[in-house]
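Novice: As input, take start_12.pdb (PDB, C-alpha atoms, pLDDT in the B column):
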```
MODEL        1
ATOM      1  CA  MET A   1     -77.260 -58.561 -60.474  1.00 36.00           C
ATOM      2  CA  LEU A   2     -75.909 -56.585 -57.487  1.00 40.00           C
ATOM      3  CA  ALA A   3     -74.935 -53.390 -59.320  1.00 42.00           C
ATOM      4  CA  PRO A   4     -78.443 -52.474 -60.609  1.00 42.00           C
ATOM      5  CA  ALA A   5     -79.890 -53.024 -57.144  1.00 40.00           C
ATOM      6  CA  VAL A   6     -77.306 -50.758 -55.528  1.00 42.00           C
ATOM      7  CA  LEU A   7     -77.824 -48.063 -58.151  1.00 44.00           C
ATOM      8  CA  ASP A   8     -81.642 -48.233 -57.942  1.00 51.00           C
ATOM      9  CA  PRO A   9     -82.831 -47.791 -54.343  1.00 55.00           C
ATOM     10  CA  SER A  10     -86.454 -48.277 -55.398  1.00 55.00           C
ATOM     11  CA  HIS A  11     -85.553 -51.813 -56.511  1.00 57.00           C
ATOM     12  CA  LEU A  12     -84.032 -52.522 -53.114  1.00 59.00           C
ATOM     13  CA  PHE A  13     -87.065 -51.082 -51.315  1.00 61.00           C
ATOM     14  CA  GLN A  14     -89.382 -53.276 -53.355  1.00 57.00           C
ATOM     15  CA  HIS A  15     -87.572 -56.459 -52.317  1.00 58.00           C
ATOM     16  CA  LEU A  16     -85.877 -55.657 -49.005  1.00 68.00           C
ATOM     17  CA  GLY A  17     -87.843 -52.888 -47.249  1.00 75.00           C
ATOM     18  CA  TYR A  18     -85.978 -51.717 -44.157  1.00 85.00           C
ATOM     19  CA  ALA A  19     -82.948 -53.777 -45.150  1.00 84.00           C
ATOM     20  CA  ALA A  20     -82.498 -51.432 -48.125  1.00 81.00           C
ATOM     21  CA  ILE A  21     -82.045 -48.506 -45.726  1.00 86.00           C
ATOM     22  CA  LEU A  22     -79.644 -50.533 -43.610  1.00 88.00           C
ATOM     23  CA  VAL A  23     -77.472 -51.632 -46.549  1.00 85.00           C
ATOM     24  CA  ILE A  24     -77.252 -48.342 -48.456  1.00 84.00           C
ATOM     25  CA  VAL A  25     -76.851 -46.020 -45.449  1.00 87.00           C
ATOM     26  CA  LEU A  26     -74.268 -48.356 -43.893  1.00 87.00           C
ATOM     27  CA  LEU A  27     -72.245 -48.438 -47.125  1.00 83.00           C
ATOM     28  CA  GLY A  28     -72.500 -44.670 -47.546  1.00 78.00           C
ATOM     29  CA  ASN A  29     -71.140 -44.080 -44.043  1.00 78.00           C
ATOM     30  CA  ALA A  30     -68.428 -46.729 -44.340  1.00 75.00           C
ATOM     31  CA  GLY A  31     -66.809 -44.859 -47.233  1.00 69.00           C
ATOM     32  CA  VAL A  32     -68.556 -46.470 -50.232  1.00 72.00           C
ATOM     33  CA  PRO A  33     -70.289 -44.012 -52.614  1.00 68.00           C
ATOM     34  CA  ALA A  34     -74.013 -44.665 -52.106  1.00 72.00           C
ATOM     35  CA  PRO A  35     -77.152 -42.445 -52.306  1.00 74.00           C
ATOM     36  CA  GLU A  36     -77.794 -42.497 -48.562  1.00 80.00           C
ATOM     37  CA  GLU A  37     -79.621 -39.155 -48.395  1.00 81.00           C
ATOM     38  CA  SER A  38     -81.949 -40.167 -51.223  1.00 78.00           C
ATOM     39  CA  VAL A  39     -82.685 -43.469 -49.484  1.00 82.00           C
ATOM     40  CA  LEU A  40     -83.541 -41.762 -46.199  1.00 87.00           C
ATOM     41  CA  VAL A  41     -85.781 -39.267 -48.004  1.00 83.00           C
ATOM     42  CA  LEU A  42     -87.465 -42.086 -49.907  1.00 81.00           C
ATOM     43  CA  GLY A  43     -87.894 -44.031 -46.673  1.00 85.00           C
ATOM     44  CA  GLY A  44     -89.683 -41.058 -45.142  1.00 86.00           C
ATOM     45  CA  TYR A  45     -91.951 -40.753 -48.149  1.00 82.00           C
ATOM     46  CA  LEU A  46     -92.818 -44.455 -48.033  1.00 83.00           C
ATOM     47  CA  ALA A  47     -93.600 -44.069 -44.327  1.00 87.00           C
ATOM     48  CA  TRP A  48     -96.157 -41.407 -45.226  1.00 85.00           C
ATOM     49  CA  HIS A  49     -97.392 -43.718 -47.970  1.00 79.00           C
ATOM     50  CA  GLY A  50     -98.088 -46.390 -45.350  1.00 82.00           C
ATOM     51  CA  ARG A  51     -95.576 -48.909 -46.690  1.00 83.00           C
ATOM     52  CA  LEU A  52     -93.060 -48.369 -43.885  1.00 87.00           C
ATOM     53  CA  HIS A  53     -93.316 -47.173 -40.275  1.00 90.00           C
ATOM     54  CA  LEU A  54     -91.771 -43.767 -39.586  1.00 93.00           C
ATOM     55  CA  PRO A  55     -90.150 -44.608 -36.186  1.00 94.00           C
ATOM     56  CA  LEU A  56     -88.590 -47.766 -37.668  1.00 93.00           C
ATOM     57  CA  VAL A  57     -87.238 -45.852 -40.679  1.00 92.00           C
ATOM     58  CA  ILE A  58     -85.526 -43.390 -38.330  1.00 95.00           C
ATOM     59  CA  LEU A  59     -84.274 -46.158 -36.026  1.00 95.00           C
ATOM     60  CA  VAL A  60     -82.811 -48.219 -38.872  1.00 93.00           C
ATOM     61  CA  GLY A  61     -81.260 -45.073 -40.346  1.00 93.00           C
ATOM     62  CA  VAL A  62     -79.586 -44.151 -37.033  1.00 94.00           C
ATOM     63  CA  VAL A  63     -78.277 -47.680 -36.459  1.00 94.00           C
ATOM     64  CA  SER A  64     -76.935 -48.092 -39.996  1.00 92.00           C
ATOM     65  CA  ALA A  65     -75.347 -44.618 -40.080  1.00 90.00           C
ATOM     66  CA  SER A  66     -73.644 -45.168 -36.727  1.00 91.00           C
ATOM     67  CA  LEU A  67     -72.528 -48.693 -37.612  1.00 91.00           C
ATOM     68  CA  GLY A  68     -71.170 -47.594 -40.992  1.00 88.00           C
ATOM     69  CA  ASP A  69     -69.079 -44.833 -39.450  1.00 88.00           C
ATOM     70  CA  ASN A  70     -67.761 -47.216 -36.813  1.00 90.00           C
ATOM     71  CA  LEU A  71     -66.636 -49.623 -39.530  1.00 89.00           C
ATOM     72  CA  GLY A  72     -64.794 -46.731 -41.166  1.00 86.00           C
ATOM     73  CA  PHE A  73     -63.262 -45.725 -37.829  1.00 90.00           C
ATOM     74  CA  TRP A  74     -61.896 -49.198 -37.133  1.00 89.00           C
ATOM     75  CA  ALA A  75     -60.609 -49.490 -40.706  1.00 86.00           C
ATOM     76  CA  GLY A  76     -58.699 -46.234 -40.194  1.00 82.00           C
ATOM     77  CA  ARG A  77     -57.433 -47.392 -36.816  1.00 85.00           C
ATOM     78  CA  ARG A  78     -56.333 -50.754 -38.240  1.00 84.00           C
ATOM     79  CA  TYR A  79     -54.857 -49.721 -41.598  1.00 82.00           C
ATOM     80  CA  GLY A  80     -53.896 -46.065 -41.004  1.00 77.00           C
ATOM     81  CA  ARG A  81     -52.776 -44.184 -44.095  1.00 75.00           C
ATOM     82  CA  ARG A  82     -53.669 -47.071 -46.383  1.00 74.00           C
ATOM     83  CA  ALA A  83     -57.324 -46.642 -45.440  1.00 71.00           C
ATOM     84  CA  VAL A  84     -57.133 -42.850 -45.777  1.00 74.00           C
ATOM     85  CA  ALA A  85     -55.593 -43.128 -49.253  1.00 72.00           C
ATOM     86  CA  ARG A  86     -58.691 -44.981 -50.494  1.00 72.00           C
ATOM     87  CA  LEU A  87     -61.205 -42.362 -49.367  1.00 74.00           C
ATOM     88  CA  PRO A  88     -63.407 -40.853 -52.126  1.00 64.00           C
ATOM     89  CA  LEU A  89     -62.345 -37.215 -51.665  1.00 71.00           C
ATOM     90  CA  PRO A  90     -59.957 -34.949 -53.626  1.00 76.00           C
ATOM     91  CA  PRO A  91     -56.533 -34.601 -51.937  1.00 77.00           C
ATOM     92  CA  ALA A  92     -57.047 -30.931 -51.051  1.00 80.00           C
ATOM     93  CA  ARG A  93     -60.393 -31.548 -49.351  1.00 79.00           C
ATOM     94  CA  LEU A  94     -59.036 -34.681 -47.706  1.00 78.00           C
ATOM     95  CA  ALA A  95     -56.181 -32.705 -46.170  1.00 82.00           C
ATOM     96  CA  GLN A  96     -58.635 -30.040 -44.998  1.00 83.00           C
ATOM     97  CA  ALA A  97     -60.880 -32.672 -43.438  1.00 83.00           C
ATOM     98  CA  GLU A  98     -57.907 -34.332 -41.767  1.00 83.00           C
ATOM     99  CA  GLY A  99     -56.899 -30.988 -40.276  1.00 84.00           C
ATOM    100  CA  LEU A 100     -60.396 -30.399 -38.901  1.00 86.00           C
ATOM    101  CA  ILE A 101     -60.494 -33.843 -37.286  1.00 87.00           C
ATOM    102  CA  ALA A 102     -57.035 -33.351 -35.783  1.00 85.00           C
ATOM    103  CA  ARG A 103     -57.905 -29.896 -34.421  1.00 88.00           C
ATOM    104  CA  TYR A 104     -61.447 -30.374 -33.144  1.00 89.00           C
ATOM    105  CA  GLY A 105     -61.580 -34.131 -32.484  1.00 89.00           C
ATOM    106  CA  ALA A 106     -65.011 -35.373 -31.388  1.00 90.00           C
ATOM    107  CA  ARG A 107     -66.637 -32.023 -32.186  1.00 92.00           C
ATOM    108  CA  ALA A 108     -65.518 -32.367 -35.805  1.00 90.00           C
ATOM    109  CA  VAL A 109     -66.898 -35.919 -35.939  1.00 91.00           C
ATOM    110  CA  PHE A 110     -70.280 -34.618 -34.806  1.00 92.00           C
ATOM    111  CA  ALA A 111     -70.257 -31.665 -37.228  1.00 90.00           C
ATOM    112  CA  ALA A 112     -69.124 -33.877 -40.129  1.00 87.00           C
ATOM    113  CA  ARG A 113     -72.431 -35.714 -39.978  1.00 86.00           C
ATOM    114  CA  PHE A 114     -74.123 -32.655 -41.516  1.00 86.00           C
ATOM    115  CA  VAL A 115     -71.536 -31.996 -44.247  1.00 82.00           C
ATOM    116  CA  PRO A 116     -71.823 -34.017 -47.497  1.00 75.00           C
ATOM    117  CA  GLY A 117     -68.460 -35.556 -48.373  1.00 74.00           C
ATOM    118  CA  LEU A 118     -66.927 -34.964 -44.954  1.00 80.00           C
ATOM    119  CA  ARG A 119     -69.471 -37.337 -43.409  1.00 80.00           C
ATOM    120  CA  THR A 120     -68.087 -40.239 -45.458  1.00 79.00           C
ATOM    121  CA  VAL A 121     -64.451 -39.731 -44.452  1.00 82.00           C
ATOM    122  CA  ALA A 122     -64.762 -38.660 -40.810  1.00 86.00           C
ATOM    123  CA  GLY A 123     -64.667 -42.212 -39.448  1.00 86.00           C
ATOM    124  CA  PRO A 124     -61.476 -43.389 -41.179  1.00 86.00           C
ATOM    125  CA  LEU A 125     -59.742 -40.062 -40.500  1.00 87.00           C
ATOM    126  CA  ALA A 126     -60.657 -40.176 -36.813  1.00 88.00           C
ATOM    127  CA  GLY A 127     -59.431 -43.760 -36.588  1.00 85.00           C
ATOM    128  CA  SER A 128     -56.127 -43.118 -38.349  1.00 84.00           C
ATOM    129  CA  GLY A 129     -55.657 -39.899 -36.337  1.00 84.00           C
ATOM    130  CA  GLY A 130     -55.849 -41.673 -32.992  1.00 85.00           C
ATOM    131  CA  LEU A 131     -59.141 -40.307 -31.639  1.00 89.00           C
ATOM    132  CA  PRO A 132     -60.081 -42.449 -28.588  1.00 92.00           C
ATOM    133  CA  PRO A 133     -62.825 -44.984 -29.499  1.00 90.00           C
ATOM    134  CA  ARG A 134     -65.189 -43.931 -26.714  1.00 92.00           C
ATOM    135  CA  ARG A 135     -65.096 -40.285 -27.754  1.00 92.00           C
ATOM    136  CA  PHE A 136     -65.631 -41.221 -31.391  1.00 92.00           C
ATOM    137  CA  PHE A 137     -68.521 -43.550 -30.578  1.00 93.00           C
ATOM    138  CA  ALA A 138     -70.307 -40.915 -28.468  1.00 93.00           C
ATOM    139  CA  ALA A 139     -69.868 -38.100 -31.010  1.00 92.00           C
ATOM    140  CA  ASN A 140     -70.776 -40.342 -33.917  1.00 92.00           C
ATOM    141  CA  LEU A 141     -73.934 -41.697 -32.296  1.00 93.00           C
ATOM    142  CA  LEU A 142     -75.058 -38.234 -31.215  1.00 94.00           C
ATOM    143  CA  GLY A 143     -74.478 -36.965 -34.756  1.00 92.00           C
ATOM    144  CA  ALA A 144     -76.512 -39.821 -36.235  1.00 92.00           C
ATOM    145  CA  LEU A 145     -79.363 -39.176 -33.798  1.00 94.00           C
ATOM    146  CA  CYS A 146     -79.455 -35.504 -34.793  1.00 93.00           C
ATOM    147  CA  TYR A 147     -78.903 -35.991 -38.534  1.00 92.00           C
ATOM    148  CA  VAL A 148     -80.976 -38.979 -39.662  1.00 93.00           C
ATOM    149  CA  PRO A 149     -84.436 -37.585 -38.762  1.00 93.00           C
ATOM    150  CA  TRP A 150     -83.937 -34.592 -41.061  1.00 87.00           C
ATOM    151  CA  PRO A 151     -83.903 -36.351 -44.474  1.00 86.00           C
ATOM    152  CA  VAL A 152     -86.513 -38.869 -43.287  1.00 89.00           C
ATOM    153  CA  LEU A 153     -88.877 -36.091 -42.195  1.00 88.00           C
ATOM    154  CA  VAL A 154     -88.225 -34.202 -45.438  1.00 83.00           C
ATOM    155  CA  GLY A 155     -89.490 -37.241 -47.347  1.00 82.00           C
ATOM    156  CA  TYR A 156     -92.460 -37.596 -45.004  1.00 86.00           C
ATOM    157  CA  GLY A 157     -93.223 -33.875 -45.418  1.00 81.00           C
ATOM    158  CA  VAL A 158     -93.104 -34.144 -49.210  1.00 78.00           C
ATOM    159  CA  GLY A 159     -95.663 -36.934 -49.006  1.00 77.00           C
ATOM    160  CA  TYR A 160     -97.830 -34.945 -46.582  1.00 76.00           C
ATOM    161  CA  GLY A 161     -97.814 -31.871 -48.799  1.00 73.00           C
ATOM    162  CA  LEU A 162     -97.441 -33.295 -52.310  1.00 69.00           C
ATOM    163  CA  GLY A 163     -98.298 -36.993 -52.089  1.00 66.00           C
ATOM    164  CA  ASP A 164    -101.515 -36.686 -54.078  1.00 71.00           C
ATOM    165  CA  TRP A 165     -99.667 -34.797 -56.804  1.00 71.00           C
ATOM    166  CA  VAL A 166     -96.989 -37.518 -56.957  1.00 67.00           C
ATOM    167  CA  GLU A 167     -99.636 -40.207 -57.360  1.00 68.00           C
ATOM    168  CA  ARG A 168    -101.402 -38.256 -60.119  1.00 72.00           C
ATOM    169  CA  LEU A 169     -98.061 -37.809 -61.872  1.00 64.00           C
ATOM    170  CA  ARG A 170     -97.442 -41.554 -61.678  1.00 63.00           C
ATOM    171  CA  ARG A 171    -100.805 -42.345 -63.264  1.00 68.00           C
ATOM    172  CA  VAL A 172    -100.466 -39.709 -65.994  1.00 68.00           C
ATOM    173  CA  VAL A 173     -96.922 -40.714 -66.967  1.00 63.00           C
ATOM    174  CA  GLY A 174     -97.689 -44.407 -66.609  1.00 60.00           C
ATOM    175  CA  LEU A 175     -94.636 -45.287 -64.559  1.00 56.00           C
ATOM    176  CA  LYS A 176     -94.376 -48.112 -62.060  1.00 57.00           C
ATOM    177  CA  GLU A 177     -95.026 -46.998 -58.492  1.00 55.00           C
ATOM    178  CA  ASP A 178     -91.498 -47.358 -57.100  1.00 53.00           C
ATOM    179  CA  THR A 179     -89.913 -45.657 -60.111  1.00 52.00           C
ATOM    180  CA  ALA A 180     -92.305 -42.726 -59.870  1.00 46.00           C
ATOM    181  CA  LEU A 181     -91.742 -42.369 -56.148  1.00 52.00           C
ATOM    182  CA  PHE A 182     -87.975 -42.377 -56.489  1.00 54.00           C
ATOM    183  CA  ALA A 183     -87.955 -39.846 -59.342  1.00 48.00           C
ATOM    184  CA  ALA A 184     -90.435 -37.573 -57.584  1.00 52.00           C
ATOM    185  CA  ILE A 185     -88.524 -37.625 -54.315  1.00 52.00           C
ATOM    186  CA  LEU A 186     -85.249 -36.744 -56.010  1.00 51.00           C
ATOM    187  CA  ALA A 187     -86.852 -33.911 -57.961  1.00 50.00           C
ATOM    188  CA  LEU A 188     -89.005 -32.412 -55.213  1.00 55.00           C
ATOM    189  CA  ALA A 189     -87.054 -33.067 -52.016  1.00 49.00           C
ATOM    190  CA  GLY A 190     -83.439 -33.448 -53.087  1.00 52.00           C
ATOM    191  CA  ALA A 191     -82.742 -29.756 -53.630  1.00 54.00           C
ATOM    192  CA  ALA A 192     -84.482 -28.751 -50.390  1.00 56.00           C
ATOM    193  CA  PHE A 193     -82.614 -31.345 -48.329  1.00 54.00           C
ATOM    194  CA  VAL A 194     -79.181 -30.548 -49.804  1.00 53.00           C
ATOM    195  CA  ALA A 195     -79.713 -26.842 -49.145  1.00 58.00           C
ATOM    196  CA  MET A 196     -80.792 -27.547 -45.570  1.00 57.00           C
ATOM    197  CA  ALA A 197     -77.899 -29.949 -44.951  1.00 55.00           C
ATOM    198  CA  ARG A 198     -75.355 -27.452 -46.250  1.00 57.00           C
ATOM    199  CA  ALA A 199     -76.813 -24.637 -44.177  1.00 59.00           C
ATOM    200  CA  ARG A 200     -76.696 -26.767 -41.016  1.00 56.00           C
ATOM    201  CA  GLY A 201     -73.205 -27.964 -41.909  1.00 55.00           C
ATOM    202  CA  ARG A 202     -71.878 -24.416 -42.182  1.00 56.00           C
ATOM    203  CA  GLU A 203     -73.551 -23.513 -38.910  1.00 55.00           C
ATOM    204  CA  SER A 204     -72.166 -26.578 -37.086  1.00 50.00           C
ATOM    205  CA  ALA A 205     -68.666 -26.119 -38.497  1.00 50.00           C
ATOM    206  CA  ARG A 206     -68.258 -22.571 -37.124  1.00 56.00           C
ATOM    207  CA  PRO A 207     -65.623 -22.510 -34.374  1.00 52.00           C
ATOM    208  CA  GLY A 208     -66.666 -22.061 -30.762  1.00 50.00           C
TER     209      GLY A 208
ENDMDL
END
```
Could you rewrite the structure in this file as structure tokens?
Specialist:
Amino acid sequence: MLAPAVLDPSHLFQHLGYAAILVIVLLGNAGVPAPEESVLVLGGYLAWHGRLHLPLVILVGVVSASLGDNLGFWAGRRYGRRAVARLPLPPARLAQAEGLIARYGARAVFAARFVPGLRTVAGPLAGSGGLPPRRFFAANLLGALCYVPWPVLVGYGVGYGLGDWVERLRRVVGLKEDTALFAAILALAGAAFVAMARARGRESARPG
């Protein structure tokens, strides 16, 4: 029963509301593969739709992203290389990410928030690498505050500009509301958000 819910964010939204954002974003930032960007985009769309409140979507997203990364940080600090070995990243990219964390410390933690893949592993790598907890917490929270509004506002913007079209598509195709919303958000906003996140990630990762 759990697996379909995790794989289908629209199912979680239907039954859990804000808790769906909390669960999926927390897991995604703690090192568990989860569609966190899609959930934040969908949360923004549903805020435009009137089913959620925009400030609460952003607040829950910031709290869950920060908490998830802190869980990863303390896992890395507690278990060291054993935690790092379980991270979902190819060895070459993992070594590159580890080098960035070791070289730039808190700045790399902040920049990692905007880089898909690196965001998931920054916490455990910072913990296993000995970054002081206070510096990690500050950089991680600041990164979450700067990052989370972007995908949420992308979803809200899609609703503002294309919401009527999405609803017409749902009626024409005959899909259930949540399924149509999820599919439409992935198709219309996913590419735009990924491109924006990558562009910001490259900009943030530039030295000095």
Novice: If I take CA of Leu71 (chain A) and CA of Leu153 (chain A), how far is one from the other in Å, to one decimal?
Specialist: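 Taking CA of Leu71 (chain A) and CA of Leu153 (chain A), their separation equals 26.2 Å.
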Novice: Leaving out region 28-45 of chain A and any residue of its chain fewer than 3 positions from it, which residues lie within 7 Å of it when counting only C-alpha atoms, given as a PDB file with C-alpha atoms, in the frame of the given file?
Specialist:
```
ATOM      1  CA  PRO A   9     -82.831 -47.791 -54.343  1.00 55.00           C
ATOM      2  CA  ILE A  21     -82.045 -48.506 -45.726  1.00 86.00           C
ATOM      3  CA  ILE A  24     -77.252 -48.342 -48.456  1.00 84.00           C
ATOM      4  CA  VAL A  25     -76.851 -46.020 -45.449  1.00 87.00           C
ATOM      5  CA  TRP A  48     -96.157 -41.407 -45.226  1.00 85.00           C
ATOM      6  CA  HIS A  49     -97.392 -43.718 -47.970  1.00 79.00           C
ATOM      7  CA  LEU A  54     -91.771 -43.767 -39.586  1.00 93.00           C
ATOM      8  CA  VAL A  57     -87.238 -45.852 -40.679  1.00 92.00           C
ATOM      9  CA  ALA A  65     -75.347 -44.618 -40.080  1.00 90.00           C
ATOM     10  CA  GLY A  68     -71.170 -47.594 -40.992  1.00 88.00           C
ATOM     11  CA  ASP A  69     -69.079 -44.833 -39.450  1.00 88.00           C
ATOM     12  CA  LEU A  71     -66.636 -49.623 -39.530  1.00 89.00           C
ATOM     13  CA  GLY A  72     -64.794 -46.731 -41.166  1.00 86.00           C
ATOM     14  CA  LEU A  87     -61.205 -42.362 -49.367  1.00 74.00           C
ATOM     15  CA  ARG A 119     -69.471 -37.337 -43.409  1.00 80.00           C
ATOM     16  CA  THR A 120     -68.087 -40.239 -45.458  1.00 79.00           C
ATOM     17  CA  VAL A 121     -64.451 -39.731 -44.452  1.00 82.00           C
ATOM     18  CA  PRO A 151     -83.903 -36.351 -44.474  1.00 86.00           C
ATOM     19  CA  VAL A 152     -86.513 -38.869 -43.287  1.00 89.00           C
ATOM     20  CA  LEU A 153     -88.877 -36.091 -42.195  1.00 88.00           C
ATOM     21  CA  VAL A 154     -88.225 -34.202 -45.438  1.00 83.00           C
ATOM     22  CA  GLY A 155     -89.490 -37.241 -47.347  1.00 82.00           C
ATOM     23  CA  TYR A 156     -92.460 -37.596 -45.004  1.00 86.00           C
ATOM     24  CA  VAL A 158     -93.104 -34.144 -49.210  1.00 78.00           C
ATOM     25  CA  GLY A 159     -95.663 -36.934 -49.006  1.00 77.00           C
ATOM     26  CA  PHE A 182     -87.975 -42.377 -56.489  1.00 54.00           C
ATOM     27  CA  ILE A 185     -88.524 -37.625 -54.315  1.00 52.00           C
ATOM     28  CA  LEU A 186     -85.249 -36.744 -56.010  1.00 51.00           C
TER      29      LEU A 186
END
```
Novice: Considering all atoms listed in the file, state which residue in the set A:Ala138, A:Val23, A:Cys146, A:Val62 is at the smallest distance from Arg107 (chain A).
Specialist: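 The shortest atom-to-atom distance to Arg107 (chain A) comes from A:Ala138.
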Novice: Mind pulling up the distance from CA of Ile58 (chain A) to CA of Tyr160 (chain A)?
Specialist: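 Taking CA of Tyr160 (chain A) and CA of Ile58 (chain A), their separation equals 17.1 Å.
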Novice: Could you jot down the CA of Gly61 (chain A) to CA of Arg134 (chain A) separation for me, Å, one decimal place?
Specialist: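 Straight-line distance from CA of Gly61 (chain A) to CA of Arg134 (chain A) works out to 21.1 Å.
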Novice: Which of these residues is nearest to Ala20 (chain A), using only C-alpha atoms: A:Gly99, A:Gly157, A:His53, A:Ser64?
Specialist: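 Checking each of A:Gly99, A:Gly157, A:His53, A:Ser64 against Ala20 (chain A), counting only C-alpha atoms, the winner is A:Ser64.
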Novice: I'd like the residues picked by the PyMOL selection byres ((chain A and resi 137) around 12) written out as an MDAnalysis selection string, using the chain letters and numbers from the file.
Specialist: chainID A and resid 65:74 105:107 109:110 122:123 126:127 131:136 138:144
Novice: Store the residues picked out above, limited to C-alpha atoms, as a PDB file, keeping the file's coordinate frame.
Specialist:
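Saved to out.pdb:
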```pdb
ATOM      1  CA  ALA A  65     -75.347 -44.618 -40.080  1.00 90.00           C
ATOM      2  CA  SER A  66     -73.644 -45.168 -36.727  1.00 91.00           C
ATOM      3  CA  LEU A  67     -72.528 -48.693 -37.612  1.00 91.00           C
ATOM      4  CA  GLY A  68     -71.170 -47.594 -40.992  1.00 88.00           C
ATOM      5  CA  ASP A  69     -69.079 -44.833 -39.450  1.00 88.00           C
ATOM      6  CA  ASN A  70     -67.761 -47.216 -36.813  1.00 90.00           C
ATOM      7  CA  LEU A  71     -66.636 -49.623 -39.530  1.00 89.00           C
ATOM      8  CA  GLY A  72     -64.794 -46.731 -41.166  1.00 86.00           C
ATOM      9  CA  PHE A  73     -63.262 -45.725 -37.829  1.00 90.00           C
ATOM     10  CA  TRP A  74     -61.896 -49.198 -37.133  1.00 89.00           C
ATOM     11  CA  GLY A 105     -61.580 -34.131 -32.484  1.00 89.00           C
ATOM     12  CA  ALA A 106     -65.011 -35.373 -31.388  1.00 90.00           C
ATOM     13  CA  ARG A 107     -66.637 -32.023 -32.186  1.00 92.00           C
ATOM     14  CA  VAL A 109     -66.898 -35.919 -35.939  1.00 91.00           C
ATOM     15  CA  PHE A 110     -70.280 -34.618 -34.806  1.00 92.00           C
ATOM     16  CA  ALA A 122     -64.762 -38.660 -40.810  1.00 86.00           C
ATOM     17  CA  GLY A 123     -64.667 -42.212 -39.448  1.00 86.00           C
ATOM     18  CA  ALA A 126     -60.657 -40.176 -36.813  1.00 88.00           C
ATOM     19  CA  GLY A 127     -59.431 -43.760 -36.588  1.00 85.00           C
ATOM     20  CA  LEU A 131     -59.141 -40.307 -31.639  1.00 89.00           C
ATOM     21  CA  PRO A 132     -60.081 -42.449 -28.588  1.00 92.00           C
ATOM     22  CA  PRO A 133     -62.825 -44.984 -29.499  1.00 90.00           C
ATOM     23  CA  ARG A 134     -65.189 -43.931 -26.714  1.00 92.00           C
ATOM     24  CA  ARG A 135     -65.096 -40.285 -27.754  1.00 92.00           C
ATOM     25  CA  PHE A 136     -65.631 -41.221 -31.391  1.00 92.00           C
ATOM     26  CA  ALA A 138     -70.307 -40.915 -28.468  1.00 93.00           C
ATOM     27  CA  ALA A 139     -69.868 -38.100 -31.010  1.00 92.00           C
ATOM     28  CA  ASN A 140     -70.776 -40.342 -33.917  1.00 92.00           C
ATOM     29  CA  LEU A 141     -73.934 -41.697 -32.296  1.00 93.00           C
ATOM     30  CA  LEU A 142     -75.058 -38.234 -31.215  1.00 94.00           C
ATOM     31  CA  GLY A 143     -74.478 -36.965 -34.756  1.00 92.00           C
ATOM     32  CA  ALA A 144     -76.512 -39.821 -36.235  1.00 92.00           C
TER      33      ALA A 144
END
```
Novice: Would you mind putting N, CA and C atoms back on region 109-120 of chain A and writing the result as a PDB file, in the coordinates of the input?
Specialist:
```pdb
ATOM      1  N   VAL A 109     -66.163 -34.711 -35.571  1.00 91.00           N
ATOM      2  CA  VAL A 109     -66.898 -35.919 -35.939  1.00 91.00           C
ATOM      3  C   VAL A 109     -68.398 -35.645 -35.918  1.00 91.00           C
ATOM      4  N   PHE A 110     -68.859 -34.963 -34.889  1.00 92.00           N
ATOM      5  CA  PHE A 110     -70.280 -34.618 -34.806  1.00 92.00           C
ATOM      6  C   PHE A 110     -70.688 -33.692 -35.955  1.00 92.00           C
ATOM      7  N   ALA A 111     -69.914 -32.631 -36.180  1.00 90.00           N
ATOM      8  CA  ALA A 111     -70.257 -31.665 -37.228  1.00 90.00           C
ATOM      9  C   ALA A 111     -70.195 -32.287 -38.615  1.00 90.00           C
ATOM     10  N   ALA A 112     -69.278 -33.248 -38.816  1.00 87.00           N
ATOM     11  CA  ALA A 112     -69.124 -33.877 -40.129  1.00 87.00           C
ATOM     12  C   ALA A 112     -70.391 -34.586 -40.573  1.00 87.00           C
ATOM     13  N   ARG A 113     -71.202 -35.012 -39.636  1.00 86.00           N
ATOM     14  CA  ARG A 113     -72.431 -35.714 -39.978  1.00 86.00           C
ATOM     15  C   ARG A 113     -73.331 -34.869 -40.869  1.00 86.00           C
ATOM     16  N   PHE A 114     -73.231 -33.539 -40.776  1.00 86.00           N
ATOM     17  CA  PHE A 114     -74.123 -32.655 -41.516  1.00 86.00           C
ATOM     18  C   PHE A 114     -73.480 -32.101 -42.786  1.00 86.00           C
ATOM     19  N   VAL A 115     -72.258 -32.541 -43.095  1.00 82.00           N
ATOM     20  CA  VAL A 115     -71.536 -31.996 -44.247  1.00 82.00           C
ATOM     21  C   VAL A 115     -71.336 -33.089 -45.288  1.00 82.00           C
ATOM     22  N   PRO A 116     -72.021 -33.013 -46.451  1.00 75.00           N
ATOM     23  CA  PRO A 116     -71.823 -34.017 -47.497  1.00 75.00           C
ATOM     24  C   PRO A 116     -70.351 -34.121 -47.879  1.00 75.00           C
ATOM     25  N   GLY A 117     -69.865 -35.332 -48.053  1.00 74.00           N
ATOM     26  CA  GLY A 117     -68.460 -35.556 -48.373  1.00 74.00           C
ATOM     27  C   GLY A 117     -67.639 -35.773 -47.123  1.00 74.00           C
ATOM     28  N   LEU A 118     -67.673 -34.826 -46.202  1.00 80.00           N
ATOM     29  CA  LEU A 118     -66.927 -34.964 -44.954  1.00 80.00           C
ATOM     30  C   LEU A 118     -67.504 -36.083 -44.100  1.00 80.00           C
ATOM     31  N   ARG A 119     -68.821 -36.276 -44.173  1.00 80.00           N
ATOM     32  CA  ARG A 119     -69.471 -37.337 -43.409  1.00 80.00           C
ATOM     33  C   ARG A 119     -68.890 -38.708 -43.741  1.00 80.00           C
ATOM     34  N   THR A 120     -68.579 -38.941 -45.012  1.00 79.00           N
ATOM     35  CA  THR A 120     -68.087 -40.239 -45.458  1.00 79.00           C
ATOM     36  C   THR A 120     -66.685 -40.537 -44.949  1.00 79.00           C
TER      37      THR A 120
END
```
